[in-house]
file run.pdb (PDB, C-alpha atoms)
ATOM      1  CA  MET A1493       9.664   1.908  22.999
ATOM      2  CA  ALA A1494      12.614   0.472  24.825
ATOM      3  CA  GLY A1495      12.934  -3.221  25.510
ATOM      4  CA  ARG A1496      14.826  -5.617  23.285
ATOM      5  CA  TRP A1497      14.811  -3.201  20.319
ATOM      6  CA  MET A1498      16.984  -0.730  22.236
ATOM      7  CA  ASP A1499      19.627  -0.873  19.459
ATOM      8  CA  PHE A1500      17.186  -1.379  16.609
ATOM      9  CA  GLY A1501      18.921  -2.274  13.356
ATOM     10  CA  LYS A1502      22.183  -3.294  15.021
ATOM     11  CA  TYR A1503      21.951  -6.803  13.544
ATOM     12  CA  GLY A1504      20.348  -5.851  10.249
ATOM     13  CA  ALA A1505      16.602  -5.735  10.962
ATOM     14  CA  ASN A1506      14.777  -2.938   9.203
ATOM     15  CA  GLY A1507      11.416  -1.319   9.696
ATOM     16  CA  ALA A1508       9.827   1.783  11.153
ATOM     17  CA  PRO A1509       8.555   2.743  14.589
ATOM     18  CA  GLY A1510       4.903   1.705  14.866
ATOM     19  CA  GLY A1511       3.605   5.265  15.232
ATOM     20  CA  GLU A1512       5.452   6.299  12.091
ATOM     21  CA  ALA A1513       4.119   3.256  10.212
ATOM     22  CA  LEU A1514       0.618   4.204  11.334
ATOM     23  CA  GLY A1515       1.078   7.664   9.784
ATOM     24  CA  ILE A1516       2.505   6.135   6.598
ATOM     25  CA  ALA A1517      -0.513   3.817   6.312
ATOM     26  CA  MET A1518      -2.911   6.749   6.658
ATOM     27  CA  GLU A1519      -0.952   8.831   4.149
ATOM     28  CA  GLY A1520      -1.215   5.897   1.745
ATOM     29  CA  MET A1521      -4.998   6.305   1.827
ATOM     30  CA  VAL A1522      -4.706   9.738   0.190
ATOM     31  CA  GLN A1523      -5.154   9.144  -3.521
ATOM     32  CA  GLY A1524      -5.676  11.785  -6.139
ATOM     33  CA  ILE A1525      -5.102  13.073  -9.610
ATOM     34  CA  ALA A1526      -2.130  11.394 -11.273
ATOM     35  CA  SER A1527      -1.665  14.025 -13.990
ATOM     36  CA  PRO A1528       0.898  16.674 -13.022
ATOM     37  CA  VAL A1529      -0.372  20.142 -12.174
ATOM     38  CA  ASP A1530       1.437  21.678 -15.145
ATOM     39  CA  SER A1531      -0.474  19.494 -17.618
ATOM     40  CA  GLU A1532      -3.759  20.744 -19.072
ATOM     41  CA  ARG A1533      -5.692  17.802 -17.615
ATOM     42  CA  GLY A1534      -4.005  18.007 -14.199
ATOM     43  CA  LEU A1535      -4.630  21.730 -13.824
ATOM     44  CA  ALA A1536      -8.271  21.469 -14.947
ATOM     45  CA  ALA A1537      -8.966  18.607 -12.537
ATOM     46  CA  ARG A1538      -7.392  20.444  -9.586
ATOM     47  CA  LEU A1539      -9.236  23.671 -10.335
ATOM     48  CA  ASN A1540     -12.512  21.783 -10.675
ATOM     49  CA  TYR A1541     -11.971  20.003  -7.349
ATOM     50  CA  LEU A1542     -10.928  23.158  -5.515
ATOM     51  CA  THR A1543     -13.759  25.366  -6.816
ATOM     52  CA  ARG A1544     -16.588  22.935  -6.027
ATOM     53  CA  SER A1545     -16.832  23.823  -2.344
ATOM     54  CA  ASP A1546     -16.086  26.468   0.249
ATOM     55  CA  ALA A1547     -13.492  24.072   1.683
ATOM     56  CA  GLY A1548     -11.651  24.230  -1.644
ATOM     57  CA  TYR A1549     -11.511  28.030  -1.555
ATOM     58  CA  GLU A1550     -10.267  27.819   2.044
ATOM     59  CA  ALA A1551      -7.543  25.370   0.938
ATOM     60  CA  MET A1552      -6.474  27.775  -1.822
ATOM     61  CA  ASP A1553      -6.354  30.592   0.722
ATOM     62  CA  ARG A1554      -4.210  28.492   3.105
ATOM     63  CA  ALA A1555      -1.872  27.648   0.207
ATOM     64  CA  GLY A1556      -1.476  31.316  -0.742
ATOM     65  CA  VAL A1557      -3.519  31.365  -3.951
ATOM     66  CA  HIS A1558      -4.710  34.974  -3.845
ATOM     67  CA  VAL A1559      -6.013  35.990  -7.266
ATOM     68  CA  SER A1560      -8.969  38.011  -8.452
ATOM     69  CA  PRO A1561     -12.198  36.226  -9.368
ATOM     70  CA  ARG A1562     -11.560  37.316 -12.965
ATOM     71  CA  THR A1563      -8.176  35.544 -13.014
ATOM     72  CA  LEU A1564      -9.655  32.417 -11.459
ATOM     73  CA  MET A1565     -12.424  32.388 -14.080
ATOM     74  CA  ALA A1566      -9.802  32.739 -16.844
ATOM     75  CA  TRP A1567      -7.946  29.735 -15.397
ATOM     76  CA  LEU A1568     -11.152  27.698 -15.259
ATOM     77  CA  ALA A1569     -12.018  28.666 -18.850
ATOM     78  CA  GLU A1570      -8.466  27.708 -19.894
ATOM     79  CA  GLU A1571      -7.929  31.198 -21.314
ATOM     80  CA  ARG A1572      -4.910  31.775 -19.074
ATOM     81  CA  THR A1573      -2.450  29.519 -17.316
ATOM     82  CA  PRO A1574      -1.211  30.187 -13.777
ATOM     83  CA  ASN A1575       2.448  31.041 -13.369
ATOM     84  CA  LYS A1576       4.822  28.457 -11.893
ATOM     85  CA  ALA A1577       4.411  29.720  -8.317
ATOM     86  CA  ASN A1578       0.610  29.586  -8.520
ATOM     87  CA  LEU A1579       0.738  26.122 -10.084
ATOM     88  CA  ALA A1580       2.724  24.932  -7.056
ATOM     89  CA  ARG A1581       0.249  26.639  -4.703
ATOM     90  CA  LEU A1582      -2.730  25.083  -6.500
ATOM     91  CA  ASP A1583      -1.126  21.666  -6.227
ATOM     92  CA  ALA A1584      -0.471  22.207  -2.498
ATOM     93  CA  ALA A1585      -4.075  23.348  -1.999
ATOM     94  CA  TYR A1586      -5.374  20.294  -3.850
ATOM     95  CA  TRP A1587      -3.400  17.836  -1.716
ATOM     96  CA  ASP A1588      -4.292  19.719   1.477
ATOM     97  CA  LEU A1589      -7.989  19.416   0.636
ATOM     98  CA  ARG A1590      -7.592  15.742  -0.340
ATOM     99  CA  ARG A1591      -5.934  15.003   3.038
ATOM    100  CA  ARG A1592      -8.690  16.825   4.933
ATOM    101  CA  ASN A1593     -11.433  14.996   3.046
ATOM    102  CA  VAL A1594      -9.729  11.645   3.527
ATOM    103  CA  ALA A1595      -9.231  12.373   7.249
ATOM    104  CA  ALA A1596     -12.935  12.963   7.797
ATOM    105  CA  ASP A1597     -13.789   9.786   5.919
ATOM    106  CA  LEU A1598     -11.094   7.763   7.715
ATOM    107  CA  LYS A1599     -12.447   8.683  11.140
ATOM    108  CA  HIS A1600     -15.861   7.426  10.156
ATOM    109  CA  ARG A1601     -14.679   4.232   8.453
ATOM    110  CA  LEU A1602     -12.013   3.239  10.991
ATOM    111  CA  ASN A1603     -14.294   3.813  13.995
ATOM    112  CA  ASN A1604     -16.911   1.693  12.223
ATOM    113  CA  ASP A1605     -19.751   2.752  14.569
ATOM    114  CA  GLY A1606     -17.645   1.910  17.616
ATOM    115  CA  ARG A1607     -16.698  -1.565  16.418
ATOM    116  CA  GLY A1608     -13.212  -0.498  15.336
ATOM    117  CA  THR A1609     -11.156  -1.901  12.489
ATOM    118  CA  ARG A1610      -9.134  -5.076  12.058
ATOM    119  CA  VAL A1611      -5.466  -4.101  11.657
ATOM    120  CA  GLU A1612      -2.711  -6.316  10.288
ATOM    121  CA  ILE A1613       0.701  -5.640  11.757
ATOM    122  CA  ASN A1614       3.663  -6.976   9.798
ATOM    123  CA  PRO A1615       6.805  -7.412  11.897
ATOM    124  CA  VAL A1616      10.199  -5.989  11.022
ATOM    125  CA  ASN A1617      12.080  -7.419   8.077
ATOM    126  CA  GLN A1618      14.749  -9.728   9.511
ATOM    127  CA  ARG A1619      16.156 -11.133   6.255
ATOM    128  CA  GLY A1620      19.490  -9.449   6.884
ATOM    129  CA  VAL A1621      19.732 -10.711  10.475
ATOM    130  CA  GLU A1622      21.847 -13.753  11.378
ATOM    131  CA  GLN A1623      19.662 -16.655  12.477
ATOM    132  CA  LYS A1624      20.952 -16.606  16.058
ATOM    133  CA  TYR A1625      19.804 -12.971  16.479
ATOM    134  CA  ARG A1626      16.394 -13.314  14.837
ATOM    135  CA  ARG A1627      13.208 -12.997  16.846
ATOM    136  CA  ASP A1628      10.260 -15.286  16.266
ATOM    137  CA  LEU A1629       7.676 -12.768  15.035
ATOM    138  CA  ALA A1630       4.661 -13.417  12.851
ATOM    139  CA  PRO A1631       2.146 -10.999  11.349
ATOM    140  CA  ARG A1632      -0.557 -10.106  13.869
ATOM    141  CA  SER A1633      -4.150  -9.213  13.220
ATOM    142  CA  ILE A1634      -6.010  -7.338  15.960
ATOM    143  CA  ASN A1635      -9.197  -5.325  16.257
ATOM    144  CA  VAL A1636      -8.411  -1.713  17.157
ATOM    145  CA  ARG A1637     -11.058   0.625  18.525
ATOM    146  CA  GLY A1638     -11.233   3.811  20.527
ATOM    147  CA  VAL A1639      -8.062   5.450  19.189
ATOM    148  CA  TRP A1640      -8.880   6.326  15.596
ATOM    149  CA  ASP A1641      -9.999   9.936  16.057
ATOM    150  CA  ARG A1642      -6.782  10.696  17.945
ATOM    151  CA  ALA A1643      -4.675   8.839  15.377
ATOM    152  CA  VAL A1644      -6.199  10.661  12.402
ATOM    153  CA  ASP A1645      -5.910  14.052  14.138
ATOM    154  CA  ALA A1646      -2.245  13.346  14.984
ATOM    155  CA  TRP A1647      -1.579  12.341  11.367
ATOM    156  CA  MET A1648      -3.219  15.525  10.080
ATOM    157  CA  ASP A1649      -1.187  17.631  12.528
ATOM    158  CA  ASP A1650       2.056  15.733  11.774
ATOM    159  CA  ASP A1651       2.242  15.022  15.533
ATOM    160  CA  GLN A1652       4.611  12.073  15.744
ATOM    161  CA  ASP A1653       4.568  12.048  19.556
ATOM    162  CA  GLU A1654       0.798  11.543  19.579
ATOM    163  CA  LEU A1655       1.032   8.839  16.887
ATOM    164  CA  ASP A1656       3.589   7.070  19.098
ATOM    165  CA  ALA A1657       1.218   7.367  22.083
ATOM    166  CA  VAL A1658      -1.617   5.884  20.016
ATOM    167  CA  TRP A1659       0.682   3.076  18.872
ATOM    168  CA  ASP A1660       1.537   2.296  22.505
ATOM    169  CA  GLU A1661      -2.200   1.809  23.124
ATOM    170  CA  VAL A1662      -2.432  -0.466  20.090
ATOM    171  CA  LEU A1663       0.525  -2.490  21.421
ATOM    172  CA  ASP A1664      -1.416  -3.165  24.614
ATOM    173  CA  LEU A1665      -3.830  -5.172  22.453
ATOM    174  CA  VAL A1666      -1.039  -7.345  21.014
ATOM    175  CA  GLY A1667      -0.470  -9.191  24.267
ATOM    176  CA  SER A1668       2.694 -10.474  25.853
ATOM    177  CA  ASP A1669       4.974  -9.928  22.848
ATOM    178  CA  TYR A1670       3.981  -6.277  22.393
ATOM    179  CA  ASP A1671       7.657  -5.295  22.490
ATOM    180  CA  GLY A1672       8.291  -7.230  19.291
ATOM    181  CA  TYR A1673       5.948  -4.910  17.387
ATOM    182  CA  SER A1674       7.226  -1.531  18.515
ATOM    183  CA  PHE A1675       9.017  -1.487  15.137
ATOM    184  CA  VAL A1676       7.218  -2.923  12.109
ATOM    185  CA  SER A1677       7.663  -3.294   8.382
ATOM    186  CA  SER A1678       4.075  -2.197   7.650
ATOM    187  CA  ILE A1679       0.556  -1.803   8.957
ATOM    188  CA  GLY A1680      -2.598  -2.320   6.949
ATOM    189  CA  TRP A1681      -6.376  -2.441   7.226
ATOM    190  CA  SER A1682      -9.382  -2.771   5.020
ATOM    191  CA  ALA A1683     -11.244   0.504   5.305
TER     192      ALA A1683
END
call {"tool": "encode", "arguments": {"input": "run.pdb", "output": "structure tokens"}}
result
Amino acid sequence: MAGRWMDFGKYGANGAPGGEALGIAMEGMVQGIASPVDSERGLAARLNYLTRSDAGYEAMDRAGVHVSPRTLMAWLAEERTPNKANLARLDAAYWDLRRRNVAADLKHRLNNDGRGTRVEINPVNQRGVEQKYRRDLAPRSINVRGVWDRAVDAWMDDDQDELDAVWDEVLDLVGSDYDGYSFVSSIGWSA
């Protein structure tokens, strides 16, 4: 990601490296329970979600929720409330499972049976840049295919180097002004 953005931000442009923006866009797809874990509703919803599948029990195990079946049943029946540490672990397990479920769904939807997904790339914000230093960049819309499994796996593994490598492949699709989109203000798609 060299080129004309070598000193990115020197003149006041702001944005994020494309690979990072790709990860941010995927993270934005993870939606969940709005109620906090320490509320009655939030705890009940998390416990219900986590105890519906083997994957939920695995997520609790990864998060360090190690309680007896009797204790778990008391939590589910709202007879007892987890301590603060277990509340934090339950919340972590919930969001871990949400990310994993979203990742599986994202791979399917973004690959779209090999057809890929139309991605809108919004260039860096240049409002704070003097006119003589501004670059002529417009939002771009391109069809991206063949990289989504790698991108989702890199996002799940928090592998920024791999997200950058995927973004470099996406930039090849942009055409001659690919360098202008190595940093962006946002990325979006309809999936």
call {"tool": "resolve_selection", "arguments": {"input": "run.pdb", "expression": "the PyMOL selection byres ((chain A and resi 1515) around 9)", "output": "short mmCIF file (atom, residue, chain, number, x, y, z; two decimals) with C-alpha atoms, keeping the file's coordinate frame"}}
result
data_model
loop_
_atom_site.label_atom_id
_atom_site.label_comp_id
_atom_site.auth_asym_id
_atom_site.auth_seq_id
_atom_site.Cartn_x
_atom_site.Cartn_y
_atom_site.Cartn_z
CA GLY A 1510 4.90 1.70 14.87
CA GLY A 1511 3.60 5.26 15.23
CA GLU A 1512 5.45 6.30 12.09
CA ALA A 1513 4.12 3.26 10.21
CA LEU A 1514 0.62 4.20 11.33
CA ILE A 1516 2.50 6.14 6.60
CA ALA A 1517 -0.51 3.82 6.31
CA MET A 1518 -2.91 6.75 6.66
CA GLU A 1519 -0.95 8.83 4.15
CA GLY A 1520 -1.22 5.90 1.74
CA ALA A 1643 -4.68 8.84 15.38
CA VAL A 1644 -6.20 10.66 12.40
CA ALA A 1646 -2.24 13.35 14.98
CA TRP A 1647 -1.58 12.34 11.37
CA MET A 1648 -3.22 15.52 10.08
CA ASP A 1650 2.06 15.73 11.77
CA GLN A 1652 4.61 12.07 15.74
CA LEU A 1655 1.03 8.84 16.89
#
call {"tool": "atom_distance", "arguments": {"input": "run.pdb", "atom1": "atom CA of A:Trp1681", "atom2": "atom CA of A:Arg1610"}}
result
6.2 Å
call {"tool": "resolve_selection", "arguments": {"input": "run.pdb", "expression": "the PyMOL selection byres ((chain A and resi 1505) around 12)", "output": "PDB file with C-alpha atoms, keeping the file's coordinate frame"}}
result
ATOM      1  CA  TRP A1497      14.811  -3.201  20.319  1.00  0.00           C
ATOM      2  CA  ASP A1499      19.627  -0.873  19.459  1.00  0.00           C
ATOM      3  CA  PHE A1500      17.186  -1.379  16.609  1.00  0.00           C
ATOM      4  CA  GLY A1501      18.921  -2.274  13.356  1.00  0.00           C
ATOM      5  CA  LYS A1502      22.183  -3.294  15.021  1.00  0.00           C
ATOM      6  CA  TYR A1503      21.951  -6.803  13.544  1.00  0.00           C
ATOM      7  CA  GLY A1504      20.348  -5.851  10.249  1.00  0.00           C
ATOM      8  CA  ASN A1506      14.777  -2.938   9.203  1.00  0.00           C
ATOM      9  CA  GLY A1507      11.416  -1.319   9.696  1.00  0.00           C
ATOM     10  CA  ALA A1508       9.827   1.783  11.153  1.00  0.00           C
ATOM     11  CA  PRO A1615       6.805  -7.412  11.897  1.00  0.00           C
ATOM     12  CA  VAL A1616      10.199  -5.989  11.022  1.00  0.00           C
ATOM     13  CA  ASN A1617      12.080  -7.419   8.077  1.00  0.00           C
ATOM     14  CA  GLN A1618      14.749  -9.728   9.511  1.00  0.00           C
ATOM     15  CA  ARG A1619      16.156 -11.133   6.255  1.00  0.00           C
ATOM     16  CA  GLY A1620      19.490  -9.449   6.884  1.00  0.00           C
ATOM     17  CA  VAL A1621      19.732 -10.711  10.475  1.00  0.00           C
ATOM     18  CA  GLU A1622      21.847 -13.753  11.378  1.00  0.00           C
ATOM     19  CA  GLN A1623      19.662 -16.655  12.477  1.00  0.00           C
ATOM     20  CA  TYR A1625      19.804 -12.971  16.479  1.00  0.00           C
ATOM     21  CA  ARG A1626      16.394 -13.314  14.837  1.00  0.00           C
ATOM     22  CA  ARG A1627      13.208 -12.997  16.846  1.00  0.00           C
ATOM     23  CA  GLY A1672       8.291  -7.230  19.291  1.00  0.00           C
ATOM     24  CA  PHE A1675       9.017  -1.487  15.137  1.00  0.00           C
ATOM     25  CA  VAL A1676       7.218  -2.923  12.109  1.00  0.00           C
ATOM     26  CA  SER A1677       7.663  -3.294   8.382  1.00  0.00           C
TER      27      SER A1677
END
call {"tool": "residues_around", "arguments": {"input": "run.pdb", "residues": "stretch 1631-1641 of chain A", "least_positions_apart": "3", "cutoff": "10 Å", "atoms": "only C-alpha atoms", "output": "JSON list (two decimals) with C-alpha atoms, in the frame of the given file"}}
result
[["chain", "number", "residue", "atom", "x", "y", "z"],
["A", 1595, "ALA", "CA", -9.23, 12.37, 7.25],
["A", 1596, "ALA", "CA", -12.94, 12.96, 7.80],
["A", 1598, "LEU", "CA", -11.09, 7.76, 7.72],
["A", 1599, "LYS", "CA", -12.45, 8.68, 11.14],
["A", 1600, "HIS", "CA", -15.86, 7.43, 10.16],
["A", 1601, "ARG", "CA", -14.68, 4.23, 8.45],
["A", 1602, "LEU", "CA", -12.01, 3.24, 10.99],
["A", 1603, "ASN", "CA", -14.29, 3.81, 14.00],
["A", 1604, "ASN", "CA", -16.91, 1.69, 12.22],
["A", 1605, "ASP", "CA", -19.75, 2.75, 14.57],
["A", 1606, "GLY", "CA", -17.64, 1.91, 17.62],
["A", 1607, "ARG", "CA", -16.70, -1.56, 16.42],
["A", 1608, "GLY", "CA", -13.21, -0.50, 15.34],
["A", 1609, "THR", "CA", -11.16, -1.90, 12.49],
["A", 1610, "ARG", "CA", -9.13, -5.08, 12.06],
["A", 1611, "VAL", "CA", -5.47, -4.10, 11.66],
["A", 1612, "GLU", "CA", -2.71, -6.32, 10.29],
["A", 1613, "ILE", "CA", 0.70, -5.64, 11.76],
["A", 1614, "ASN", "CA", 3.66, -6.98, 9.80],
["A", 1615, "PRO", "CA", 6.80, -7.41, 11.90],
["A", 1616, "VAL", "CA", 10.20, -5.99, 11.02],
["A", 1644, "VAL", "CA", -6.20, 10.66, 12.40],
["A", 1645, "ASP", "CA", -5.91, 14.05, 14.14],
["A", 1646, "ALA", "CA", -2.24, 13.35, 14.98],
["A", 1647, "TRP", "CA", -1.58, 12.34, 11.37],
["A", 1655, "LEU", "CA", 1.03, 8.84, 16.89],
["A", 1657, "ALA", "CA", 1.22, 7.37, 22.08],
["A", 1658, "VAL", "CA", -1.62, 5.88, 20.02],
["A", 1659, "TRP", "CA", 0.68, 3.08, 18.87],
["A", 1661, "GLU", "CA", -2.20, 1.81, 23.12],
["A", 1662, "VAL", "CA", -2.43, -0.47, 20.09],
["A", 1663, "LEU", "CA", 0.52, -2.49, 21.42],
["A", 1665, "LEU", "CA", -3.83, -5.17, 22.45],
["A", 1666, "VAL", "CA", -1.04, -7.34, 21.01],
["A", 1673, "TYR", "CA", 5.95, -4.91, 17.39],
["A", 1676, "VAL", "CA", 7.22, -2.92, 12.11],
["A", 1677, "SER", "CA", 7.66, -3.29, 8.38],
["A", 1678, "SER", "CA", 4.08, -2.20, 7.65],
["A", 1679, "ILE", "CA", 0.56, -1.80, 8.96],
["A", 1680, "GLY", "CA", -2.60, -2.32, 6.95],
["A", 1681, "TRP", "CA", -6.38, -2.44, 7.23]]
call {"tool": "resolve_selection", "arguments": {"input": "run.pdb", "expression": "the PyMOL selection byres ((chain A and resi 1558) around 12)", "output": "PDB file with C-alpha atoms, in the coordinates of the input"}}
result
ATOM      1  CA  TYR A1549     -11.511  28.030  -1.555  1.00  0.00           C
ATOM      2  CA  GLU A1550     -10.267  27.819   2.044  1.00  0.00           C
ATOM      3  CA  ALA A1551      -7.543  25.370   0.938  1.00  0.00           C
ATOM      4  CA  MET A1552      -6.474  27.775  -1.822  1.00  0.00           C
ATOM      5  CA  ASP A1553      -6.354  30.592   0.722  1.00  0.00           C
ATOM      6  CA  ARG A1554      -4.210  28.492   3.105  1.00  0.00           C
ATOM      7  CA  ALA A1555      -1.872  27.648   0.207  1.00  0.00           C
ATOM      8  CA  GLY A1556      -1.476  31.316  -0.742  1.00  0.00           C
ATOM      9  CA  VAL A1557      -3.519  31.365  -3.951  1.00  0.00           C
ATOM     10  CA  VAL A1559      -6.013  35.990  -7.266  1.00  0.00           C
ATOM     11  CA  SER A1560      -8.969  38.011  -8.452  1.00  0.00           C
ATOM     12  CA  PRO A1561     -12.198  36.226  -9.368  1.00  0.00           C
ATOM     13  CA  ARG A1562     -11.560  37.316 -12.965  1.00  0.00           C
ATOM     14  CA  THR A1563      -8.176  35.544 -13.014  1.00  0.00           C
ATOM     15  CA  LEU A1564      -9.655  32.417 -11.459  1.00  0.00           C
ATOM     16  CA  PRO A1574      -1.211  30.187 -13.777  1.00  0.00           C
ATOM     17  CA  ALA A1577       4.411  29.720  -8.317  1.00  0.00           C
ATOM     18  CA  ASN A1578       0.610  29.586  -8.520  1.00  0.00           C
ATOM     19  CA  ARG A1581       0.249  26.639  -4.703  1.00  0.00           C
ATOM     20  CA  LEU A1582      -2.730  25.083  -6.500  1.00  0.00           C
ATOM     21  CA  ALA A1585      -4.075  23.348  -1.999  1.00  0.00           C
TER      22      ALA A1585
END
call {"tool": "closest_residue", "arguments": {"input": "run.pdb", "among": "A:Gly1667, A:Ser1545, A:Asp1653, A:Gln1523", "to": "A:Arg1590", "atoms": "only C-alpha atoms"}}
result
A:Gln1523
call {"tool": "residues_around", "arguments": {"input": "run.pdb", "residues": "A:Asn1540", "least_positions_apart": "5", "cutoff": "12 Å", "atoms": "only C-alpha atoms", "output": "MDAnalysis selection string"}}
result
chainID A and resid 1525 1533:1535 1545 1548:1549 1564:1565 1567:1570 1582 1586
call {"tool": "atom_distance", "arguments": {"input": "run.pdb", "atom1": "atom CA of A:Trp1587", "atom2": "atom CA of A:Tyr1541"}}
result
10.5 Å
call {"tool": "closest_residue", "arguments": {"input": "run.pdb", "among": "A:Thr1573, A:Ser1674, A:Ser1682, A:Thr1543", "to": "A:Val1529", "atoms": "all atoms listed in the file"}}
result
A:Thr1573
call {"tool": "atom_distance", "arguments": {"input": "run.pdb", "atom1": "atom CA of A:Leu1629", "atom2": "atom CA of A:Asp1660"}}
result
17.9 Å
call {"tool": "closest_residue", "arguments": {"input": "run.pdb", "among": "A:Ala1584, A:Ala1536, A:Arg1592, A:Arg1544", "to": "A:Arg1572", "atoms": "all atoms listed in the file"}}
result
A:Ala1536
call {"tool": "closest_residue", "arguments": {"input": "run.pdb", "among": "A:Asp1671, A:Asp1530, A:Asp1583, A:Asp1588", "to": "A:Ala1547", "atoms": "only C-alpha atoms"}}
result
A:Asp1588
